Amino acid sequence: QVQLVESGGGLVQAGGSLRLSCAASGSISNIFLRGWYRQAPGKQRELVALYTSSGIAIYGDAVKGRFAISRDNAKNTMYLQMNSLKPEDTAVYYCKALWTARDYWGQGTQVTVSS
């Protein structure tokens with residue numbers, strides 16, 4: 001059983017920063033912490049940042065140059081550093097992992113950016 005728990009969301013003013021964390025737990029080994037997605041009200045879930053199978057980071061166009069994904073495999077934890085936040089970054093942020101050929105999602109963490 002895999003559990004993904006996101007944390008670090010909150011309310012921040014435009015131009016501010018937040019760092020999200022995604023911790024994987026359970027009887028896991030070789031879990032692949034894949035990336036971050038977000039979903040704003042009334043919109044489809046969209047890619048924020050992810051790692052390819054070769055470890056290259058890919059970013060959604062809306063966050064390029066402002067967000068940075070990283071991970072600590074020893075701790076089974078993935079991070080998303082978000083800088084220069086904009087009101088349009090307001091969404092629920094989800095992390096995604098791949099384990100035994102199956103995708104797992106966290107419960108999400110709310111990020112609200114005020115103007």
# chains A, B, ... in the order shown; residues from 1 in each chain; ligands from 1
$ residues_around --residues "Gly35 (chain A)" --least-positions-apart "3" --cutoff "12 Å" --atoms "only C-alpha atoms" --output "count of residues only"
39
$ select_by_dssp --residues "region 8-59 of chain A" --states "strand (DSSP E or B)" --output "VMD selection string"
chain A and resid 10 to 13 18 to 26 32 to 39 46 to 51 57 to 59
$ atom_distance --atom1 "CA of Leu85 (chain A)" --atom2 "CA of Ala14 (chain A)"
5.3 Å
$ closest_residue --among "A:Ser115, A:Thr90, A:Asn83, A:Gln1" --to "Arg19 (chain A)" --atoms "only C-alpha atoms"
A:Asn83
$ residues_around --residues "Val12 (chain A)" --least-positions-apart "2" --cutoff "12 Å" --atoms "only C-alpha atoms" --output "list in words"
Gly8, Gly9, Gly10, Ala14, Gly15, Gly16, Ser17, Leu18, Arg19, Met82, Asn83, Ser84, Leu85, Lys86, Pro87, Asp89, Thr90, Gln110, Val111, Thr112, Val113, Ser114 and Ser115 of chain A
$ write_last_selection --atoms "C-alpha atoms" --output "tab-separated table (two decimals), in the first residue's frame"
chain	number	residue	atom	x	y	z
A	8	GLY	CA	3.22	23.13	2.48
A	9	GLY	CA	0.25	24.75	0.82
A	10	GLY	CA	-1.38	27.90	2.11
A	14	ALA	CA	1.39	37.55	-5.29
A	15	GLY	CA	5.14	37.56	-5.74
A	16	GLY	CA	5.68	35.32	-2.75
A	17	SER	CA	7.04	31.80	-2.46
A	18	LEU	CA	5.97	28.43	-1.12
A	19	ARG	CA	7.60	25.03	-0.99
A	82	MET	CA	7.31	27.90	-6.17
A	83	ASN	CA	8.59	31.44	-6.59
A	84	SER	CA	7.08	34.61	-8.02
A	85	LEU	CA	3.62	33.24	-7.40
A	86	LYS	CA	0.69	34.69	-9.32
A	87	PRO	CA	-3.05	34.63	-8.58
A	89	ASP	CA	-1.33	29.71	-9.65
A	90	THR	CA	-4.21	29.27	-7.23
A	110	GLN	CA	-4.46	24.01	-1.50
A	111	VAL	CA	-2.39	26.94	-2.71
A	112	THR	CA	-4.09	30.32	-2.79
A	113	VAL	CA	-2.33	33.38	-4.15
A	114	SER	CA	-3.90	36.73	-3.39
A	115	SER	CA	-3.44	39.78	-5.60
$ closest_residue --among "A:Asp72, A:Val92, A:Ala24, A:Asp61" --to "Gln44 (chain A)" --atoms "only C-alpha atoms"
A:Val92
$ decode --residues "region 87-101 of chain A" --atoms "N, CA and C atoms" --output "PDB file, in the first residue's frame"
ATOM      1  N   PRO A  87      -1.688  35.076  -8.923  1.00  0.00           N
ATOM      2  CA  PRO A  87      -3.049  34.634  -8.583  1.00  0.00           C
ATOM      3  C   PRO A  87      -3.513  33.449  -9.423  1.00  0.00           C
ATOM      4  N   GLU A  88      -3.066  33.377 -10.656  1.00  0.00           N
ATOM      5  CA  GLU A  88      -3.479  32.257 -11.512  1.00  0.00           C
ATOM      6  C   GLU A  88      -2.814  30.934 -11.135  1.00  0.00           C
ATOM      7  N   ASP A  89      -1.899  30.959 -10.183  1.00  0.00           N
ATOM      8  CA  ASP A  89      -1.332  29.714  -9.654  1.00  0.00           C
ATOM      9  C   ASP A  89      -2.224  29.090  -8.587  1.00  0.00           C
ATOM     10  N   THR A  90      -3.286  29.796  -8.218  1.00  0.00           N
ATOM     11  CA  THR A  90      -4.211  29.272  -7.226  1.00  0.00           C
ATOM     12  C   THR A  90      -4.841  27.977  -7.716  1.00  0.00           C
ATOM     13  N   ALA A  91      -4.698  26.922  -6.917  1.00  0.00           N
ATOM     14  CA  ALA A  91      -5.198  25.601  -7.308  1.00  0.00           C
ATOM     15  C   ALA A  91      -4.932  24.620  -6.171  1.00  0.00           C
ATOM     16  N   VAL A  92      -5.472  23.434  -6.326  1.00  0.00           N
ATOM     17  CA  VAL A  92      -5.070  22.316  -5.479  1.00  0.00           C
ATOM     18  C   VAL A  92      -3.927  21.601  -6.196  1.00  0.00           C
ATOM     19  N   TYR A  93      -2.852  21.399  -5.473  1.00  0.00           N
ATOM     20  CA  TYR A  93      -1.653  20.780  -6.047  1.00  0.00           C
ATOM     21  C   TYR A  93      -1.568  19.331  -5.576  1.00  0.00           C
ATOM     22  N   TYR A  94      -1.345  18.446  -6.534  1.00  0.00           N
ATOM     23  CA  TYR A  94      -1.289  17.017  -6.284  1.00  0.00           C
ATOM     24  C   TYR A  94       0.078  16.465  -6.701  1.00  0.00           C
ATOM     25  N   CYS A  95       0.575  15.531  -5.930  1.00  0.00           N
ATOM     26  CA  CYS A  95       1.766  14.825  -6.382  1.00  0.00           C
ATOM     27  C   CYS A  95       1.362  13.443  -6.885  1.00  0.00           C
ATOM     28  N   LYS A  96       2.202  12.924  -7.743  1.00  0.00           N
ATOM     29  CA  LYS A  96       1.927  11.655  -8.406  1.00  0.00           C
ATOM     30  C   LYS A  96       3.172  10.780  -8.345  1.00  0.00           C
ATOM     31  N   ALA A  97       2.949   9.506  -8.106  1.00  0.00           N
ATOM     32  CA  ALA A  97       4.057   8.553  -8.065  1.00  0.00           C
ATOM     33  C   ALA A  97       3.693   7.303  -8.850  1.00  0.00           C
ATOM     34  N   LEU A  98       4.718   6.625  -9.276  1.00  0.00           N
ATOM     35  CA  LEU A  98       4.540   5.370 -10.003  1.00  0.00           C
ATOM     36  C   LEU A  98       5.189   4.254  -9.204  1.00  0.00           C
ATOM     37  N   TRP A  99       4.422   3.198  -8.957  1.00  0.00           N
ATOM     38  CA  TRP A  99       4.953   2.066  -8.198  1.00  0.00           C
ATOM     39  C   TRP A  99       4.275   0.800  -8.671  1.00  0.00           C
ATOM     40  N   THR A 100       5.062  -0.164  -8.982  1.00  0.00           N
ATOM     41  CA  THR A 100       4.578  -1.446  -9.533  1.00  0.00           C
ATOM     42  C   THR A 100       3.603  -1.207 -10.672  1.00  0.00           C
ATOM     43  N   ALA A 101       4.013  -0.349 -11.605  1.00  0.00           N
ATOM     44  CA  ALA A 101       3.268  -0.069 -12.836  1.00  0.00           C
ATOM     45  C   ALA A 101       1.913   0.579 -12.612  1.00  0.00           C
TER      46      ALA A 101
END
